[in-house]
Amino acid sequence: MTPRGNRPGDDNARDRRRDDRESAPNRSGEAGRPRAQGGPRQDRTGAGRSRAADPRAGSGPAEARGRDERRGGAGQRAATGRSDRSTAGRPSSGSKAAAGRRPHRKEPTDPPRTAARDVLRAVRERDAYANLVLPPLLRDLGLSGRDAALATELAYGACRSLGLLDAVIAEGAGRPIEEIDGPLLDVLRLGVYQLLRTRIGAHAAVDTSVALARSEFGAGKAGFVNAVLRRAGEKTPEQWVEALAPADPVGRLAFEYAHPAWIAQAFADALGARAGELREVLAADDARPLVHLVARPGDITAEELALVTGGEEGRWSPYAVYLEGGDPGKLEPVREGMAAVQDEGSQLVALALTRAELDGPDTGRWLDLCAGPGGKAALLGAIAAIDGFRVDAVEPAAHRAELVRKAVRDLPVDIHVADGRASGLTPGYDRILVDAPCTGLGALRRRPEARWRRTPADVRELVVLQRELLSAAWDLLRPGGVVVYSTCSPHLPETVSIVADAVRRLGAEQLDTRELLPGVTDVGDGPGAQLWPHRHGTDAMFLAALRKPR
């Protein structure tokens with residue numbers, strides 16, 4: 001087996017167009033969808049800018065965990081259409097009727113930006129996931145290498161930065177973004193992103209955006225785009241933050257680093273006495289994450305996987321390998337099922353379950369109660385196979401259960417399509433993982449669309465589901481067995497509050513989870529453990545271990 005790692009991190013992500021030769025875009029993570037056609041409401045407590053950085057070749061593929069599709073997942077918002085209204089003294093965007101008479105689309109003269117614009121449009125119109133929309137667009141347009149990297153950076157980066165972009169667009173247009181025709185808004189977002197969050201020259205950012213608008217809508221609306229972008233370019237990113245960010249410290253940081261203020265406040269609360277690290281957390285969320293692979297135990301070691309892929313062995317999990325970028329699906333170990341994409345934090349959660357001390361022997365009955373899409377079930381299954389144990393995996397959605405089935409092929413894992421709150425399984429499990437559906441606030445760097453989809457109201461719905469799932473797991477656990485409760489969210493109502501409630505209601509014995517993460521430093525004061533992207537390079541996973549008294 002020969003190394004096959006496609007390392008676009010070695011490429012330069014500058015556009016091949018003449019005006020882009022001296023610039024390259026910032027780093028980006030994955031992308032998302034706004035709450036409505038105009039994106040998140042801009043109340044000046046929303047989002048903002050990150051420090052500029054050179055991604056060389058843009059972002060790698062998102063880790064498709066899709067946690068917000070699980071049982072009871074809340075906060076999904078359908079897109080709604082709004083029309084343009086021209087106002088005296090403001091740049092004119094033309095009429096909606098004119099937008100309906102768009103000329104026939106020609107072969108794109110700027111394929112990378114065309115792809116990025118089409119991603120933004122799918123996110124806005126169809127509530128789509130950018131990381132699922134972009135790959136087929138790149139294939140259809142024949143983009144690879146630098147051009148694919150540029151399209152990836154622009155699409156994902158603009159989706160992540162909607163709060164700041166929309167605030168600047170509204171200021172430049174002199175009207176709320178809800179009054180701007182949606183397809184024009186996509187072009188404007190793409191243009192303002194290039195102006196404020198990349199090193200692409202202002203001339204190129206404006207001219208390419210105007211050309212996109214002209215090719216689809218004609219000269220009138222192209223003039224509107226030109227006027228708004230010229231106004232956006234009159235201030236530096238720092239000046240726009242000064243002009244539009246709220247005065248309170250948390251709101252200002254949220255605006256600067258492209259997060260809704262309520263999420264930034266949730267992070268500050270979870271940091272507690274170390275809330276001074278909030279800027280670092282938000283900046284880490286705004287940076288392009290490394291691709292994390294997991295080496296399947298019994299098939300390949302992390303050392304071997306790193307050698308084959310050209311990656312680097314992970315710091316915390318004995319099975320983790322880091323990649324700078326590229327398409328992991330093209331790697332031979334991934335194609336052969338010897339490795340998979342999985343955040344190192346998720347690996348640590350599964351490992352913690354296997355390491356927890358039971359009261360009594362381990363009879364080999366393990367359960368993953370919230371198994372979709374199957375990453376943790378696969379790692380548990382591979383470890384269980386070494387000792388001749390078996391894992392039951394529960395997933396209520398049939399299509400997600402199929403993902404689990406593919407992830408655990410050839411492993412001792414039995415899949416049950418059922419609601420984890422009423423699975424019908426026979427009690428007596430030694431170890432149960434409750435990787436509960438959550439807001440996903442800890443995985444924003446990989447799925448930045450979540451920051452604009454979620455609202456505080458979602459938390460109230462999810463915590464009910466989380467309590468119910470933990471209670472159901474407790475009923476299935478044998479005396480002396482252990483449940484590990486985890487979320488990819490640091491939000492206190494979804495983490496320590498859920499565990500404290502279970503200890504009080506169920507009489508659970510809470511173990512010191514830090515002892516289940518040997519070698520992992522700075523995970524909090526216990527007994528639960530909290531991982532952070534700025535400290536550990538992982539998603540912000542929370543985990544706690546509860547043992548059932550005999």
# chains A, B, ... in the order shown; residues from 1 in each chain; ligands from 1
$ select_by_dssp --residues "stretch 341-484 of chain A" --states "strand (DSSP E or B)" --output "list in words"
Val341, Arg365, Trp366, Leu367, Asp368, Arg390, Val391, Asp392, Ala393, Val394, Val413, Asp414, Ile415, His416, Tyr429, Asp430, Arg431, Ile432, Leu433, Val434, Asp435, Leu477, Arg478, Pro479, Gly480, Gly481, Val482, Val483 and Val484 of chain A
$ write_last_selection --atoms "C-alpha atoms" --output "short mmCIF file (atom, residue, chain, number, x, y, z; two decimals), in the first residue's frame"
data_model
loop_
_atom_site.label_atom_id
_atom_site.label_comp_id
_atom_site.auth_asym_id
_atom_site.auth_seq_id
_atom_site.Cartn_x
_atom_site.Cartn_y
_atom_site.Cartn_z
CA VAL A 341 -12.66 10.37 9.36
CA ARG A 365 -22.46 -6.43 26.41
CA TRP A 366 -21.90 -2.88 25.21
CA LEU A 367 -24.45 -0.40 23.85
CA ASP A 368 -24.26 2.77 21.76
CA ARG A 390 -20.39 -7.32 20.98
CA VAL A 391 -21.95 -3.90 20.64
CA ASP A 392 -25.60 -3.01 20.10
CA ALA A 393 -26.14 0.23 18.18
CA VAL A 394 -29.46 2.08 18.29
CA VAL A 413 -22.08 -4.64 16.00
CA ASP A 414 -25.83 -5.29 15.87
CA ILE A 415 -27.94 -2.40 14.60
CA HIS A 416 -31.43 -1.65 15.93
CA TYR A 429 -25.47 -3.91 29.65
CA ASP A 430 -22.00 -3.46 31.12
CA ARG A 431 -21.16 -0.27 29.24
CA ILE A 432 -23.49 2.22 27.55
CA LEU A 433 -22.59 5.31 25.54
CA VAL A 434 -25.13 8.12 25.37
CA ASP A 435 -23.64 10.48 22.80
CA LEU A 477 -27.52 -0.70 32.62
CA ARG A 478 -26.71 -3.53 35.01
CA PRO A 479 -25.76 -2.74 38.62
CA GLY A 480 -22.07 -1.98 38.63
CA GLY A 481 -22.12 -0.94 34.97
CA VAL A 482 -21.09 2.45 33.57
CA VAL A 483 -22.80 5.00 31.34
CA VAL A 484 -20.71 7.63 29.58
#
$ residues_around --residues "A:His536" --least-positions-apart "6" --cutoff "12 Å" --atoms "only C-alpha atoms" --output "mmCIF file with C-alpha atoms, in the first residue's frame"
data_model
loop_
_atom_site.group_PDB
_atom_site.id
_atom_site.type_symbol
_atom_site.label_atom_id
_atom_site.label_comp_id
_atom_site.auth_asym_id
_atom_site.auth_seq_id
_atom_site.Cartn_x
_atom_site.Cartn_y
_atom_site.Cartn_z
ATOM 1 C CA GLU A 280 -9.085 31.999 21.735
ATOM 2 C CA VAL A 281 -12.151 29.750 21.593
ATOM 3 C CA ALA A 284 -10.263 28.456 16.982
ATOM 4 C CA PRO A 289 -9.472 22.509 11.325
ATOM 5 C CA GLY A 314 -2.421 12.484 17.074
ATOM 6 C CA ARG A 315 -1.571 13.881 20.482
ATOM 7 C CA TRP A 316 -4.258 12.305 22.623
ATOM 8 C CA SER A 317 -5.875 9.241 21.051
ATOM 9 C CA ASP A 343 -12.506 13.950 15.282
ATOM 10 C CA GLU A 344 -9.990 13.007 17.955
ATOM 11 C CA GLY A 345 -12.377 14.216 20.634
ATOM 12 C CA LEU A 348 -11.577 9.929 23.256
ATOM 13 C CA GLY A 519 -2.254 11.988 29.141
ATOM 14 C CA VAL A 520 -4.920 14.537 28.177
ATOM 15 C CA THR A 521 -4.238 17.751 30.061
ATOM 16 C CA ASP A 522 -6.357 20.738 31.054
ATOM 17 C CA VAL A 523 -9.815 19.156 30.800
ATOM 18 C CA GLN A 530 -14.405 19.244 28.798
#
$ residues_around --residues "A:Leu469" --least-positions-apart "3" --cutoff "12 Å" --atoms "only C-alpha atoms" --output "VMD selection string"
chain A and resid 71 to 72 368 to 370 394 419 to 423 432 to 438 462 to 466 472 to 476 483 to 486 498 to 499 502
$ write_last_selection --atoms "N, CA, C and O atoms" --output "tab-separated table (two decimals), in the first residue's frame"
chain	number	residue	atom	x	y	z
A	71	ARG	N	-32.76	12.32	16.65
A	71	ARG	CA	-34.06	12.38	17.30
A	71	ARG	C	-34.28	13.72	17.98
A	71	ARG	O	-33.43	14.14	18.76
A	72	GLY	N	-35.44	14.29	17.71
A	72	GLY	CA	-35.80	15.50	18.42
A	72	GLY	C	-34.94	16.69	18.05
A	72	GLY	O	-34.97	17.69	18.72
A	368	ASP	N	-24.32	1.38	22.22
A	368	ASP	CA	-24.26	2.77	21.76
A	368	ASP	C	-25.71	3.18	21.51
A	368	ASP	O	-26.31	2.77	20.52
A	369	LEU	N	-26.25	3.99	22.41
A	369	LEU	CA	-27.68	4.28	22.37
A	369	LEU	C	-28.06	5.34	21.34
A	369	LEU	O	-29.23	5.45	20.97
A	370	CYS	N	-27.11	6.13	20.88
A	370	CYS	CA	-27.36	7.18	19.89
A	370	CYS	C	-26.30	7.06	18.81
A	370	CYS	O	-25.40	7.88	18.70
A	394	VAL	N	-28.07	1.65	18.46
A	394	VAL	CA	-29.46	2.08	18.29
A	394	VAL	C	-29.49	3.38	17.52
A	394	VAL	O	-28.77	4.34	17.85
A	419	ASP	N	-36.08	4.06	18.67
A	419	ASP	CA	-35.89	5.25	19.49
A	419	ASP	C	-35.15	4.83	20.76
A	419	ASP	O	-35.58	3.90	21.45
A	420	GLY	N	-34.07	5.48	21.06
A	420	GLY	CA	-33.28	5.12	22.23
A	420	GLY	C	-34.04	5.24	23.53
A	420	GLY	O	-33.67	4.60	24.52
A	421	ARG	N	-35.10	6.02	23.54
A	421	ARG	CA	-35.90	6.16	24.77
A	421	ARG	C	-36.82	4.98	24.99
A	421	ARG	O	-37.32	4.79	26.10
A	422	ALA	N	-37.04	4.19	23.95
A	422	ALA	CA	-37.90	3.00	24.06
A	422	ALA	C	-37.38	1.97	23.08
A	422	ALA	O	-38.05	1.59	22.12
A	423	SER	N	-36.17	1.49	23.32
A	423	SER	CA	-35.48	0.63	22.36
A	423	SER	C	-36.00	-0.80	22.36
A	423	SER	O	-35.83	-1.52	21.36
A	432	ILE	N	-22.56	1.55	28.46
A	432	ILE	CA	-23.49	2.22	27.55
A	432	ILE	C	-22.97	3.62	27.24
A	432	ILE	O	-22.62	4.38	28.15
A	433	LEU	N	-22.94	3.95	25.97
A	433	LEU	CA	-22.59	5.31	25.54
A	433	LEU	C	-23.86	6.04	25.15
A	433	LEU	O	-24.64	5.56	24.34
A	434	VAL	N	-24.05	7.22	25.75
A	434	VAL	CA	-25.13	8.12	25.37
A	434	VAL	C	-24.48	9.37	24.79
A	434	VAL	O	-24.20	10.33	25.49
A	435	ASP	N	-24.19	9.32	23.51
A	435	ASP	CA	-23.64	10.48	22.80
A	435	ASP	C	-24.84	11.26	22.28
A	435	ASP	O	-25.25	11.12	21.13
A	436	ALA	N	-25.38	12.09	23.14
A	436	ALA	CA	-26.73	12.62	22.96
A	436	ALA	C	-26.82	13.66	21.86
A	436	ALA	O	-25.88	14.44	21.62
A	437	PRO	N	-27.96	13.70	21.16
A	437	PRO	CA	-28.23	14.82	20.25
A	437	PRO	C	-28.11	16.13	21.01
A	437	PRO	O	-28.59	16.24	22.15
A	438	CYS	N	-27.50	17.13	20.39
A	438	CYS	CA	-27.25	18.38	21.09
A	438	CYS	C	-27.21	19.53	20.08
A	438	CYS	O	-27.41	19.33	18.89
A	462	LEU	N	-33.90	20.30	23.43
A	462	LEU	CA	-32.89	19.24	23.44
A	462	LEU	C	-32.62	18.70	24.84
A	462	LEU	O	-32.38	17.50	25.01
A	463	VAL	N	-32.63	19.56	25.85
A	463	VAL	CA	-32.31	19.06	27.19
A	463	VAL	C	-33.35	18.06	27.67
A	463	VAL	O	-33.02	17.13	28.43
A	464	VAL	N	-34.59	18.20	27.25
A	464	VAL	CA	-35.60	17.21	27.60
A	464	VAL	C	-35.24	15.86	26.99
A	464	VAL	O	-35.28	14.82	27.67
A	465	LEU	N	-34.86	15.87	25.71
A	465	LEU	CA	-34.46	14.64	25.04
A	465	LEU	C	-33.22	14.04	25.70
A	465	LEU	O	-33.12	12.81	25.89
A	466	GLN	N	-32.26	14.87	26.05
A	466	GLN	CA	-31.03	14.38	26.67
A	466	GLN	C	-31.31	13.69	28.01
A	466	GLN	O	-30.77	12.61	28.29
A	472	ALA	N	-33.20	6.39	30.04
A	472	ALA	CA	-33.41	5.11	29.36
A	472	ALA	C	-32.16	4.25	29.43
A	472	ALA	O	-32.24	3.02	29.62
A	473	ALA	N	-31.00	4.87	29.26
A	473	ALA	CA	-29.74	4.12	29.37
A	473	ALA	C	-29.56	3.56	30.76
A	473	ALA	O	-29.12	2.42	30.94
A	474	TRP	N	-29.94	4.33	31.76
A	474	TRP	CA	-29.81	3.88	33.15
A	474	TRP	C	-30.65	2.63	33.39
A	474	TRP	O	-30.21	1.70	34.08
A	475	ASP	N	-31.81	2.60	32.81
A	475	ASP	CA	-32.69	1.43	32.98
A	475	ASP	C	-32.10	0.18	32.31
A	475	ASP	O	-32.39	-0.94	32.72
A	476	LEU	N	-31.30	0.38	31.25
A	476	LEU	CA	-30.71	-0.75	30.54
A	476	LEU	C	-29.38	-1.20	31.13
A	476	LEU	O	-28.84	-2.25	30.74
A	483	VAL	N	-22.33	4.20	32.47
A	483	VAL	CA	-22.80	5.00	31.34
A	483	VAL	C	-21.85	6.17	31.15
A	483	VAL	O	-21.48	6.84	32.12
A	484	VAL	N	-21.43	6.40	29.92
A	484	VAL	CA	-20.71	7.63	29.58
A	484	VAL	C	-21.67	8.51	28.80
A	484	VAL	O	-22.20	8.10	27.76
A	485	TYR	N	-21.91	9.69	29.34
A	485	TYR	CA	-22.77	10.69	28.68
A	485	TYR	C	-21.86	11.71	28.02
A	485	TYR	O	-20.91	12.23	28.65
A	486	SER	N	-22.12	12.02	26.74
A	486	SER	CA	-21.28	12.98	26.04
A	486	SER	C	-22.12	13.84	25.10
A	486	SER	O	-23.21	13.43	24.66
A	498	ILE	N	-27.25	18.39	33.00
A	498	ILE	CA	-27.86	17.09	32.73
A	498	ILE	C	-27.28	16.03	33.67
A	498	ILE	O	-28.01	15.20	34.23
A	499	VAL	N	-25.97	16.05	33.85
A	499	VAL	CA	-25.32	15.06	34.70
A	499	VAL	C	-25.72	15.25	36.16
A	499	VAL	O	-26.01	14.28	36.87
A	502	ALA	N	-29.06	13.82	36.71
A	502	ALA	CA	-29.06	12.36	36.74
A	502	ALA	C	-28.53	11.83	38.06
A	502	ALA	O	-29.07	10.86	38.62
$ closest_residue --among "A:Gly311, A:Gly329, A:Pro112, A:Pro183" --to "A:Glu216" --atoms "only C-alpha atoms"
A:Pro183
